[in-house]
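Coordinates as given in query-v1.cif (mmCIF, N, CA and C atoms):
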```
data_input
loop_
_atom_site.group_PDB
_atom_site.id
_atom_site.type_symbol
_atom_site.label_atom_id
_atom_site.label_comp_id
_atom_site.auth_asym_id
_atom_site.auth_seq_id
_atom_site.Cartn_x
_atom_site.Cartn_y
_atom_site.Cartn_z
ATOM 1 N N MET A 1 51.792 29.903 -27.764
ATOM 2 C CA MET A 1 51.604 31.233 -27.194
ATOM 3 C C MET A 1 52.196 32.280 -28.110
ATOM 4 N N SER A 2 51.523 32.647 -29.106
ATOM 5 C CA SER A 2 52.031 33.651 -30.031
ATOM 6 C C SER A 2 51.901 35.058 -29.473
ATOM 7 N N ASP A 3 51.086 35.259 -28.453
ATOM 8 C CA ASP A 3 50.895 36.583 -27.874
ATOM 9 C C ASP A 3 51.831 36.861 -26.705
ATOM 10 N N ALA A 4 52.685 35.930 -26.367
ATOM 11 C CA ALA A 4 53.585 36.103 -25.226
ATOM 12 C C ALA A 4 54.636 37.162 -25.537
ATOM 13 N N LEU A 5 54.931 37.945 -24.538
ATOM 14 C CA LEU A 5 55.999 38.945 -24.682
ATOM 15 C C LEU A 5 57.340 38.235 -24.755
ATOM 16 N N ARG A 6 58.182 38.711 -25.627
ATOM 17 C CA ARG A 6 59.503 38.106 -25.764
ATOM 18 C C ARG A 6 60.601 39.057 -25.309
ATOM 19 N N LEU A 7 60.318 40.323 -25.301
ATOM 20 C CA LEU A 7 61.338 41.295 -24.951
ATOM 21 C C LEU A 7 60.687 42.499 -24.291
ATOM 22 N N ILE A 8 61.266 42.932 -23.209
ATOM 23 C CA ILE A 8 60.817 44.144 -22.534
ATOM 24 C C ILE A 8 62.037 45.023 -22.338
ATOM 25 N N LEU A 9 61.944 46.281 -22.741
ATOM 26 C CA LEU A 9 63.033 47.242 -22.581
ATOM 27 C C LEU A 9 62.617 48.301 -21.563
ATOM 28 N N PHE A 10 63.545 48.667 -20.719
ATOM 29 C CA PHE A 10 63.306 49.722 -19.734
ATOM 30 C C PHE A 10 64.313 50.844 -19.955
ATOM 31 N N ASP A 11 63.841 52.076 -19.941
ATOM 32 C CA ASP A 11 64.717 53.238 -19.935
ATOM 33 C C ASP A 11 64.810 53.648 -18.474
ATOM 34 N N VAL A 12 65.862 53.203 -17.795
ATOM 35 C CA VAL A 12 65.937 53.364 -16.348
ATOM 36 C C VAL A 12 66.640 54.649 -15.916
ATOM 37 N N ASP A 13 67.335 55.312 -16.831
ATOM 38 C CA ASP A 13 68.075 56.504 -16.441
ATOM 39 C C ASP A 13 67.106 57.601 -16.008
ATOM 40 N N GLY A 14 67.278 58.049 -14.785
ATOM 41 C CA GLY A 14 66.404 59.066 -14.230
ATOM 42 C C GLY A 14 65.179 58.484 -13.551
ATOM 43 N N THR A 15 64.939 57.201 -13.739
ATOM 44 C CA THR A 15 63.815 56.533 -13.101
ATOM 45 C C THR A 15 64.324 55.609 -12.000
ATOM 46 N N LEU A 16 65.119 54.633 -12.377
ATOM 47 C CA LEU A 16 65.695 53.708 -11.408
ATOM 48 C C LEU A 16 67.164 54.001 -11.120
ATOM 49 N N VAL A 17 67.827 54.660 -12.045
ATOM 50 C CA VAL A 17 69.253 54.955 -11.914
ATOM 51 C C VAL A 17 69.434 56.466 -11.917
ATOM 52 N N ASP A 18 70.199 56.968 -10.968
ATOM 53 C CA ASP A 18 70.462 58.407 -10.879
ATOM 54 C C ASP A 18 71.852 58.698 -11.425
ATOM 55 N N SER A 19 71.911 59.154 -12.663
ATOM 56 C CA SER A 19 73.195 59.416 -13.307
ATOM 57 C C SER A 19 73.510 60.900 -13.419
ATOM 58 N N GLN A 20 72.744 61.749 -12.748
ATOM 59 C CA GLN A 20 72.951 63.188 -12.875
ATOM 60 C C GLN A 20 74.362 63.612 -12.489
ATOM 61 N N GLY A 21 74.852 63.091 -11.388
ATOM 62 C CA GLY A 21 76.196 63.473 -10.950
ATOM 63 C C GLY A 21 77.253 63.085 -11.959
ATOM 64 N N ALA A 22 77.127 61.898 -12.537
ATOM 65 C CA ALA A 22 78.092 61.430 -13.532
ATOM 66 C C ALA A 22 78.036 62.287 -14.790
ATOM 67 N N ILE A 23 76.840 62.684 -15.194
ATOM 68 C CA ILE A 23 76.679 63.521 -16.385
ATOM 69 C C ILE A 23 77.303 64.892 -16.156
ATOM 70 N N VAL A 24 77.009 65.498 -15.023
ATOM 71 C CA VAL A 24 77.564 66.818 -14.709
ATOM 72 C C VAL A 24 79.086 66.745 -14.611
ATOM 73 N N ASP A 25 79.592 65.735 -13.932
ATOM 74 C CA ASP A 25 81.045 65.594 -13.784
ATOM 75 C C ASP A 25 81.733 65.397 -15.133
ATOM 76 N N ALA A 26 81.143 64.569 -15.998
ATOM 77 C CA ALA A 26 81.756 64.307 -17.302
ATOM 78 C C ALA A 26 81.734 65.553 -18.183
ATOM 79 N N MET A 27 80.629 66.287 -18.184
ATOM 80 C CA MET A 27 80.563 67.507 -19.001
ATOM 81 C C MET A 27 81.516 68.564 -18.473
ATOM 82 N N THR A 28 81.609 68.679 -17.158
ATOM 83 C CA THR A 28 82.542 69.640 -16.559
ATOM 84 C C THR A 28 83.970 69.281 -16.926
ATOM 85 N N ALA A 29 84.329 68.010 -16.821
ATOM 86 C CA ALA A 29 85.684 67.567 -17.171
ATOM 87 C C ALA A 29 85.977 67.808 -18.650
ATOM 88 N N ALA A 30 84.995 67.549 -19.511
ATOM 89 C CA ALA A 30 85.181 67.759 -20.947
ATOM 90 C C ALA A 30 85.411 69.232 -21.256
ATOM 91 N N CYS A 31 84.666 70.097 -20.596
ATOM 92 C CA CYS A 31 84.843 71.537 -20.808
ATOM 93 C C CYS A 31 86.237 71.975 -20.368
ATOM 94 N N ILE A 32 86.629 71.559 -19.191
ATOM 95 C CA ILE A 32 87.948 71.931 -18.675
ATOM 96 C C ILE A 32 89.049 71.421 -19.602
ATOM 97 N N ALA A 33 88.925 70.183 -20.058
ATOM 98 C CA ALA A 33 89.933 69.599 -20.953
ATOM 99 C C ALA A 33 90.028 70.355 -22.276
ATOM 100 N N ASN A 34 88.945 71.019 -22.659
ATOM 101 C CA ASN A 34 88.934 71.769 -23.907
ATOM 102 C C ASN A 34 89.098 73.275 -23.695
ATOM 103 N N GLY A 35 89.481 73.667 -22.473
ATOM 104 C CA GLY A 35 89.737 75.078 -22.183
ATOM 105 C C GLY A 35 88.494 75.940 -22.165
ATOM 106 N N LEU A 36 87.361 75.346 -21.810
ATOM 107 C CA LEU A 36 86.094 76.070 -21.789
ATOM 108 C C LEU A 36 85.565 76.170 -20.363
ATOM 109 N N ALA A 37 84.815 77.210 -20.110
ATOM 110 C CA ALA A 37 84.124 77.333 -18.828
ATOM 111 C C ALA A 37 82.931 76.378 -18.849
ATOM 112 N N ALA A 38 82.811 75.585 -17.817
ATOM 113 C CA ALA A 38 81.714 74.615 -17.751
ATOM 114 C C ALA A 38 80.404 75.316 -17.415
ATOM 115 N N PRO A 39 79.327 74.926 -18.072
ATOM 116 C CA PRO A 39 78.006 75.452 -17.696
ATOM 117 C C PRO A 39 77.667 75.014 -16.272
ATOM 118 N N ASP A 40 76.725 75.692 -15.656
ATOM 119 C CA ASP A 40 76.331 75.285 -14.314
ATOM 120 C C ASP A 40 75.511 74.001 -14.359
ATOM 121 N N ARG A 41 75.326 73.416 -13.194
ATOM 122 C CA ARG A 41 74.643 72.121 -13.073
ATOM 123 C C ARG A 41 73.261 72.132 -13.728
ATOM 124 N N ALA A 42 72.494 73.176 -13.479
ATOM 125 C CA ALA A 42 71.142 73.248 -14.034
ATOM 126 C C ALA A 42 71.168 73.259 -15.562
ATOM 127 N N ALA A 43 72.101 73.987 -16.142
ATOM 128 C CA ALA A 43 72.204 74.024 -17.605
ATOM 129 C C ALA A 43 72.575 72.653 -18.154
ATOM 130 N N ILE A 44 73.528 71.992 -17.506
ATOM 131 C CA ILE A 44 73.931 70.662 -17.972
ATOM 132 C C ILE A 44 72.764 69.689 -17.863
ATOM 133 N N LEU A 45 72.055 69.715 -16.763
ATOM 134 C CA LEU A 45 70.937 68.784 -16.585
ATOM 135 C C LEU A 45 69.772 69.083 -17.521
ATOM 136 N N SER A 46 69.707 70.308 -18.035
ATOM 137 C CA SER A 46 68.617 70.658 -18.957
ATOM 138 C C SER A 46 68.745 69.959 -20.310
ATOM 139 N N ILE A 47 69.919 69.402 -20.606
ATOM 140 C CA ILE A 47 70.125 68.759 -21.903
ATOM 141 C C ILE A 47 70.057 67.235 -21.813
ATOM 142 N N VAL A 48 69.807 66.703 -20.613
ATOM 143 C CA VAL A 48 69.717 65.250 -20.446
ATOM 144 C C VAL A 48 68.582 64.719 -21.314
ATOM 145 N N GLY A 49 68.884 63.672 -22.052
ATOM 146 C CA GLY A 49 67.897 63.070 -22.937
ATOM 147 C C GLY A 49 68.145 63.400 -24.396
ATOM 148 N N LEU A 50 68.897 64.480 -24.643
ATOM 149 C CA LEU A 50 69.241 64.824 -26.019
ATOM 150 C C LEU A 50 70.433 63.995 -26.461
ATOM 151 N N SER A 51 70.572 63.801 -27.752
ATOM 152 C CA SER A 51 71.787 63.167 -28.243
ATOM 153 C C SER A 51 72.940 64.108 -27.907
ATOM 154 N N LEU A 52 74.114 63.558 -27.745
ATOM 155 C CA LEU A 52 75.246 64.337 -27.243
ATOM 156 C C LEU A 52 75.595 65.509 -28.144
ATOM 157 N N ASP A 53 75.565 65.315 -29.451
ATOM 158 C CA ASP A 53 75.894 66.423 -30.348
ATOM 159 C C ASP A 53 74.868 67.552 -30.248
ATOM 160 N N HIS A 54 73.592 67.207 -30.108
ATOM 161 C CA HIS A 54 72.559 68.237 -29.936
ATOM 162 C C HIS A 54 72.662 68.907 -28.560
ATOM 163 N N ALA A 55 73.019 68.128 -27.569
ATOM 164 C CA ALA A 55 73.165 68.673 -26.223
ATOM 165 C C ALA A 55 74.271 69.725 -26.179
ATOM 166 N N VAL A 56 75.405 69.406 -26.778
ATOM 167 C CA VAL A 56 76.531 70.349 -26.790
ATOM 168 C C VAL A 56 76.166 71.596 -27.598
ATOM 169 N N LEU A 57 75.472 71.420 -28.697
ATOM 170 C CA LEU A 57 75.035 72.569 -29.492
ATOM 171 C C LEU A 57 74.114 73.469 -28.676
ATOM 172 N N ARG A 58 73.215 72.869 -27.899
ATOM 173 C CA ARG A 58 72.307 73.676 -27.086
ATOM 174 C C ARG A 58 73.054 74.388 -25.951
ATOM 175 N N LEU A 59 74.025 73.688 -25.341
ATOM 176 C CA LEU A 59 74.778 74.295 -24.244
ATOM 177 C C LEU A 59 75.701 75.415 -24.708
ATOM 178 N N MET A 60 76.327 75.203 -25.878
ATOM 179 C CA MET A 60 77.334 76.153 -26.355
ATOM 180 C C MET A 60 77.154 76.407 -27.840
ATOM 181 N N PRO A 61 76.085 77.119 -28.207
ATOM 182 C CA PRO A 61 75.791 77.342 -29.631
ATOM 183 C C PRO A 61 76.849 78.180 -30.344
ATOM 184 N N GLU A 62 77.656 78.893 -29.588
ATOM 185 C CA GLU A 62 78.673 79.753 -30.192
ATOM 186 C C GLU A 62 79.904 78.991 -30.680
ATOM 187 N N LEU A 63 80.054 77.758 -30.258
ATOM 188 C CA LEU A 63 81.221 76.974 -30.659
ATOM 189 C C LEU A 63 81.124 76.559 -32.122
ATOM 190 N N GLU A 64 82.263 76.569 -32.769
ATOM 191 C CA GLU A 64 82.314 76.081 -34.147
ATOM 192 C C GLU A 64 82.229 74.554 -34.136
ATOM 193 N N ALA A 65 81.939 73.980 -35.281
ATOM 194 C CA ALA A 65 81.687 72.538 -35.390
ATOM 195 C C ALA A 65 82.851 71.707 -34.851
ATOM 196 N N ALA A 66 84.077 72.079 -35.152
ATOM 197 C CA ALA A 66 85.235 71.294 -34.693
ATOM 198 C C ALA A 66 85.354 71.333 -33.171
ATOM 199 N N ALA A 67 85.085 72.483 -32.575
ATOM 200 C CA ALA A 67 85.154 72.611 -31.119
ATOM 201 C C ALA A 67 84.028 71.809 -30.459
ATOM 202 N N ARG A 68 82.849 71.813 -31.076
ATOM 203 C CA ARG A 68 81.737 71.006 -30.547
ATOM 204 C C ARG A 68 82.074 69.522 -30.627
ATOM 205 N N ALA A 69 82.654 69.108 -31.743
ATOM 206 C CA ALA A 69 83.031 67.700 -31.899
ATOM 207 C C ALA A 69 84.073 67.303 -30.857
ATOM 208 N N ALA A 70 85.016 68.192 -30.579
ATOM 209 C CA ALA A 70 86.034 67.908 -29.562
ATOM 210 C C ALA A 70 85.395 67.798 -28.182
ATOM 211 N N LEU A 71 84.402 68.627 -27.904
ATOM 212 C CA LEU A 71 83.717 68.577 -26.611
ATOM 213 C C LEU A 71 82.907 67.280 -26.482
ATOM 214 N N VAL A 72 82.258 66.857 -27.549
ATOM 215 C CA VAL A 72 81.526 65.589 -27.548
ATOM 216 C C VAL A 72 82.487 64.438 -27.234
ATOM 217 N N GLU A 73 83.622 64.395 -27.909
ATOM 218 C CA GLU A 73 84.605 63.333 -27.668
ATOM 219 C C GLU A 73 85.173 63.434 -26.246
ATOM 220 N N GLY A 74 85.383 64.656 -25.781
ATOM 221 C CA GLY A 74 85.867 64.853 -24.415
ATOM 222 C C GLY A 74 84.879 64.341 -23.380
ATOM 223 N N TYR A 75 83.590 64.551 -23.644
ATOM 224 C CA TYR A 75 82.554 64.036 -22.741
ATOM 225 C C TYR A 75 82.587 62.514 -22.724
ATOM 226 N N LYS A 76 82.629 61.908 -23.897
ATOM 227 C CA LYS A 76 82.653 60.442 -23.971
ATOM 228 C C LYS A 76 83.862 59.886 -23.217
ATOM 229 N N ASP A 77 85.009 60.509 -23.427
ATOM 230 C CA ASP A 77 86.229 60.061 -22.742
ATOM 231 C C ASP A 77 86.099 60.204 -21.227
ATOM 232 N N ALA A 78 85.611 61.356 -20.781
ATOM 233 C CA ALA A 78 85.481 61.605 -19.345
ATOM 234 C C ALA A 78 84.487 60.643 -18.700
ATOM 235 N N TYR A 79 83.361 60.392 -19.370
ATOM 236 C CA TYR A 79 82.355 59.483 -18.828
ATOM 237 C C TYR A 79 82.922 58.067 -18.742
ATOM 238 N N HIS A 80 83.610 57.656 -19.794
ATOM 239 C CA HIS A 80 84.210 56.315 -19.816
ATOM 240 C C HIS A 80 85.268 56.183 -18.715
ATOM 241 N N GLN A 81 86.098 57.198 -18.531
ATOM 242 C CA GLN A 81 87.125 57.166 -17.488
ATOM 243 C C GLN A 81 86.499 57.084 -16.102
ATOM 244 N N GLN A 82 85.414 57.816 -15.882
ATOM 245 C CA GLN A 82 84.708 57.748 -14.592
ATOM 246 C C GLN A 82 84.249 56.329 -14.304
ATOM 247 N N ARG A 83 83.651 55.697 -15.301
ATOM 248 C CA ARG A 83 83.131 54.340 -15.116
ATOM 249 C C ARG A 83 84.259 53.351 -14.876
ATOM 250 N N GLN A 84 85.398 53.548 -15.526
ATOM 251 C CA GLN A 84 86.549 52.676 -15.287
ATOM 252 C C GLN A 84 87.108 52.871 -13.882
ATOM 253 N N ARG A 85 87.177 54.118 -13.473
ATOM 254 C CA ARG A 85 87.764 54.461 -12.186
ATOM 255 C C ARG A 85 86.882 54.039 -11.017
ATOM 256 N N HIS A 86 85.581 54.289 -11.130
ATOM 257 C CA HIS A 86 84.669 54.087 -9.994
ATOM 258 C C HIS A 86 83.703 52.921 -10.158
ATOM 259 N N GLY A 87 83.582 52.410 -11.370
ATOM 260 C CA GLY A 87 82.611 51.349 -11.631
ATOM 261 C C GLY A 87 81.262 51.936 -11.965
ATOM 262 N N ALA A 88 80.478 51.176 -12.689
ATOM 263 C CA ALA A 88 79.169 51.661 -13.131
ATOM 264 C C ALA A 88 78.223 51.913 -11.955
ATOM 265 N N ALA A 89 78.262 51.069 -10.951
ATOM 266 C CA ALA A 89 77.337 51.206 -9.820
ATOM 267 C C ALA A 89 77.608 52.471 -9.016
ATOM 268 N N ALA A 90 78.863 52.851 -8.871
ATOM 269 C CA ALA A 90 79.204 54.050 -8.107
ATOM 270 C C ALA A 90 78.789 55.308 -8.852
ATOM 271 N N GLY A 91 78.886 55.291 -10.182
ATOM 272 C CA GLY A 91 78.550 56.468 -10.972
ATOM 273 C C GLY A 91 77.079 56.639 -11.220
ATOM 274 N N SER A 92 76.318 55.577 -11.145
ATOM 275 C CA SER A 92 74.880 55.626 -11.401
ATOM 276 C C SER A 92 74.145 54.780 -10.368
ATOM 277 N N PRO A 93 74.045 55.285 -9.131
ATOM 278 C CA PRO A 93 73.409 54.479 -8.075
ATOM 279 C C PRO A 93 71.907 54.325 -8.290
ATOM 280 N N LEU A 94 71.382 53.249 -7.769
ATOM 281 C CA LEU A 94 69.919 53.039 -7.819
ATOM 282 C C LEU A 94 69.257 53.918 -6.779
#
```
The structure in this file should be written as C-alpha coordinates.
Amino acid sequence: MSDALRLILFDVDGTLVDSQGAIVDAMTAACIANGLAAPDRAAILSIVGLSLDHAVLRLMPELEAAARAALVEGYKDAYHQQRQRHGAAAGSPL
(Lines of atoms letter the chains of each structure in order from A and count residues from 1; the text may use other names and numbers.)
(Lines give C-alpha, C1' and ligand atoms only; values in the text may rest on other atoms or scores of the structure.)
Protein backbone atom coordinates (compact mmCIF):
# COMPACT_ATOMS: atom_id res chain seq x y z
CA MET A 1 0.00 0.00 0.00
CA SER A 2 2.20 2.81 -1.17
CA ASP A 3 -0.75 5.21 -1.37
CA ALA A 4 -1.74 4.82 2.28
CA LEU A 5 -1.66 7.92 4.43
CA ARG A 6 1.03 7.80 7.05
CA LEU A 7 0.55 11.11 8.79
CA ILE A 8 -2.33 13.50 9.26
CA LEU A 9 -1.88 16.89 10.93
CA PHE A 10 -4.70 18.98 12.33
CA ASP A 11 -4.56 22.68 13.19
CA VAL A 12 -7.15 22.52 15.95
CA ASP A 13 -6.70 25.95 17.53
CA GLY A 14 -9.87 27.90 16.91
CA THR A 15 -11.55 24.86 15.38
CA LEU A 16 -11.62 22.17 18.06
CA VAL A 17 -9.81 24.03 20.84
CA ASP A 18 -10.82 27.46 22.11
CA SER A 19 -7.65 29.21 23.27
CA GLN A 20 -8.86 32.80 22.96
CA GLY A 21 -9.12 33.35 26.70
CA ALA A 22 -5.62 31.99 27.30
CA ILE A 23 -4.18 34.19 24.54
CA VAL A 24 -5.86 37.33 25.85
CA ASP A 25 -4.85 36.57 29.43
CA ALA A 26 -1.22 35.89 28.49
CA MET A 27 -0.90 39.05 26.38
CA THR A 28 -2.53 41.13 29.10
CA ALA A 29 -0.17 39.69 31.73
CA ALA A 30 2.85 40.29 29.48
CA CYS A 31 1.85 43.91 28.95
CA ILE A 32 1.33 44.52 32.65
CA ALA A 33 4.66 42.85 33.50
CA ASN A 34 6.36 45.20 31.05
CA GLY A 35 4.59 48.34 32.30
CA LEU A 36 2.41 48.68 29.22
CA ALA A 37 -1.31 49.21 28.80
CA ALA A 38 -2.82 46.02 27.42
CA PRO A 39 -4.71 46.24 24.13
CA ASP A 40 -8.38 45.37 24.28
CA ARG A 41 -9.63 41.84 23.64
CA ALA A 42 -10.60 42.51 20.03
CA ALA A 43 -7.15 43.90 19.20
CA ILE A 44 -5.41 40.94 20.81
CA LEU A 45 -7.62 38.44 18.99
CA SER A 46 -6.96 40.21 15.68
CA ILE A 47 -3.35 38.98 15.75
CA VAL A 48 -4.14 35.29 16.37
CA GLY A 49 -2.38 33.20 13.76
CA LEU A 50 0.58 35.53 13.34
CA SER A 51 3.99 34.61 14.64
CA LEU A 52 4.46 36.18 18.06
CA ASP A 53 7.06 38.73 16.98
CA HIS A 54 4.84 39.92 14.11
CA ALA A 55 1.80 39.95 16.37
CA VAL A 56 3.51 42.21 18.92
CA LEU A 57 4.75 44.49 16.15
CA ARG A 58 1.21 44.82 14.81
CA LEU A 59 -0.26 45.45 18.28
CA MET A 60 2.38 47.96 19.37
CA PRO A 61 4.31 49.30 16.36
CA GLU A 62 5.64 52.20 18.43
CA LEU A 63 7.74 49.95 20.66
CA GLU A 64 11.44 49.70 20.04
CA ALA A 65 12.91 46.30 19.18
CA ALA A 66 14.16 45.56 22.72
CA ALA A 67 10.76 46.37 24.24
CA ARG A 68 9.01 44.17 21.64
CA ALA A 69 11.41 41.32 22.40
CA ALA A 70 10.70 41.70 26.13
CA LEU A 71 6.95 41.60 25.44
CA VAL A 72 7.34 38.45 23.32
CA GLU A 73 9.28 36.75 26.14
CA GLY A 74 6.73 38.01 28.67
CA TYR A 75 3.92 36.46 26.62
CA LYS A 76 5.73 33.12 26.41
CA ASP A 77 6.35 33.16 30.16
CA ALA A 78 2.76 34.11 31.00
CA TYR A 79 1.30 31.46 28.67
CA HIS A 80 3.61 28.79 30.08
CA GLN A 81 2.74 29.78 33.67
CA GLN A 82 -0.99 29.59 32.88
CA ARG A 83 -0.60 26.07 31.53
CA GLN A 84 1.42 25.01 34.57
CA ARG A 85 -1.06 26.54 36.97
CA HIS A 86 -4.31 25.40 35.33
CA GLY A 87 -3.29 22.60 32.96
CA ALA A 88 -3.61 22.55 29.21
CA ALA A 89 -7.24 21.38 29.21
CA ALA A 90 -8.42 24.24 31.44
CA GLY A 91 -6.69 26.87 29.31
CA SER A 92 -7.82 25.52 25.96
CA PRO A 93 -11.17 23.73 26.34
CA LEU A 94 -12.70 21.72 23.52
Checklist line | From A:Ala67, A:Leu9, A:Ile23, A:Ala78, residue lying nearest Leu45 in chain A [only N, CA and C atoms] | finding: A:Ile23
Note to self: Which of range 37-81 of chain A end up as helix (DSSP H, G or I) when DSSP is run on this backbone - answer as a count of residues only?
What the structure shows: 30
Margin query: Applying 10 Å and only C-alpha atoms, which residues near Ile44 in chain A remain after dropping the ones on its own chain fewer than 6 positions away? List them as a list in words.
Written below: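 Counting only C-alpha atoms, the residues come to Gln20, Ile23, Val24, Asp25, Met27, Thr28, Ala38, Ala55, Val56, Arg58 and Leu59 of chain A.
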Next item on the list: Kindly give the distance, in Å, that separates CA of Lys76 in chain A and CA of Ala26 in chain A, rounded to a single decimal.
Entry: 7.8 Å
Note to self: Rounded to one decimal, what separation in Å do you get between atom N of Tyr75 in chain A and atom N of Ala30 in chain A?
What the structure shows: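 Atom-to-atom, atom N of Tyr75 in chain A to atom N of Ala30 in chain A, that is 5.3 Å.
Compared by their closest atoms to Ser19 in chain A, and using only C-alpha atoms, the residues A:Ala70, A:Asp77, A:His54, A:Gly49 rank with A:Gly49 nearest.
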Checklist line | Residue nearest Arg85 in chain A - candidates A:Phe10, A:Arg68, A:Met60, A:Ala22, atoms counted: only C-alpha atoms | finding: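 Of all the options, A:Ala22 lies closest to Arg85 in chain A.
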Edge lengths and centre in Å to one decimal, as JSON, is what I'm after for the box along x, y and z that holds all listed atoms of range 35-46 of chain A once 4 Å is added on each side.
```
{"center_x": 79.2, "center_y": 73.1, "center_z": -17.8, "size_x": 29.1, "size_y": 16.5, "size_z": 17.4}
```
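The interatomic distance for the pair atom N of Pro61 in chain A and atom N of Gly21 in chain A works out to 21.9 Å.
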Next item on the list: Pick out the closest residue to Leu52 in chain A from this set: A:Leu5, A:Val72, A:Leu36, A:Val17. Count only N, CA and C atoms.
Entry: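 Nearest candidate to Leu52 in chain A out of A:Leu5, A:Val72, A:Leu36, A:Val17: A:Val72.
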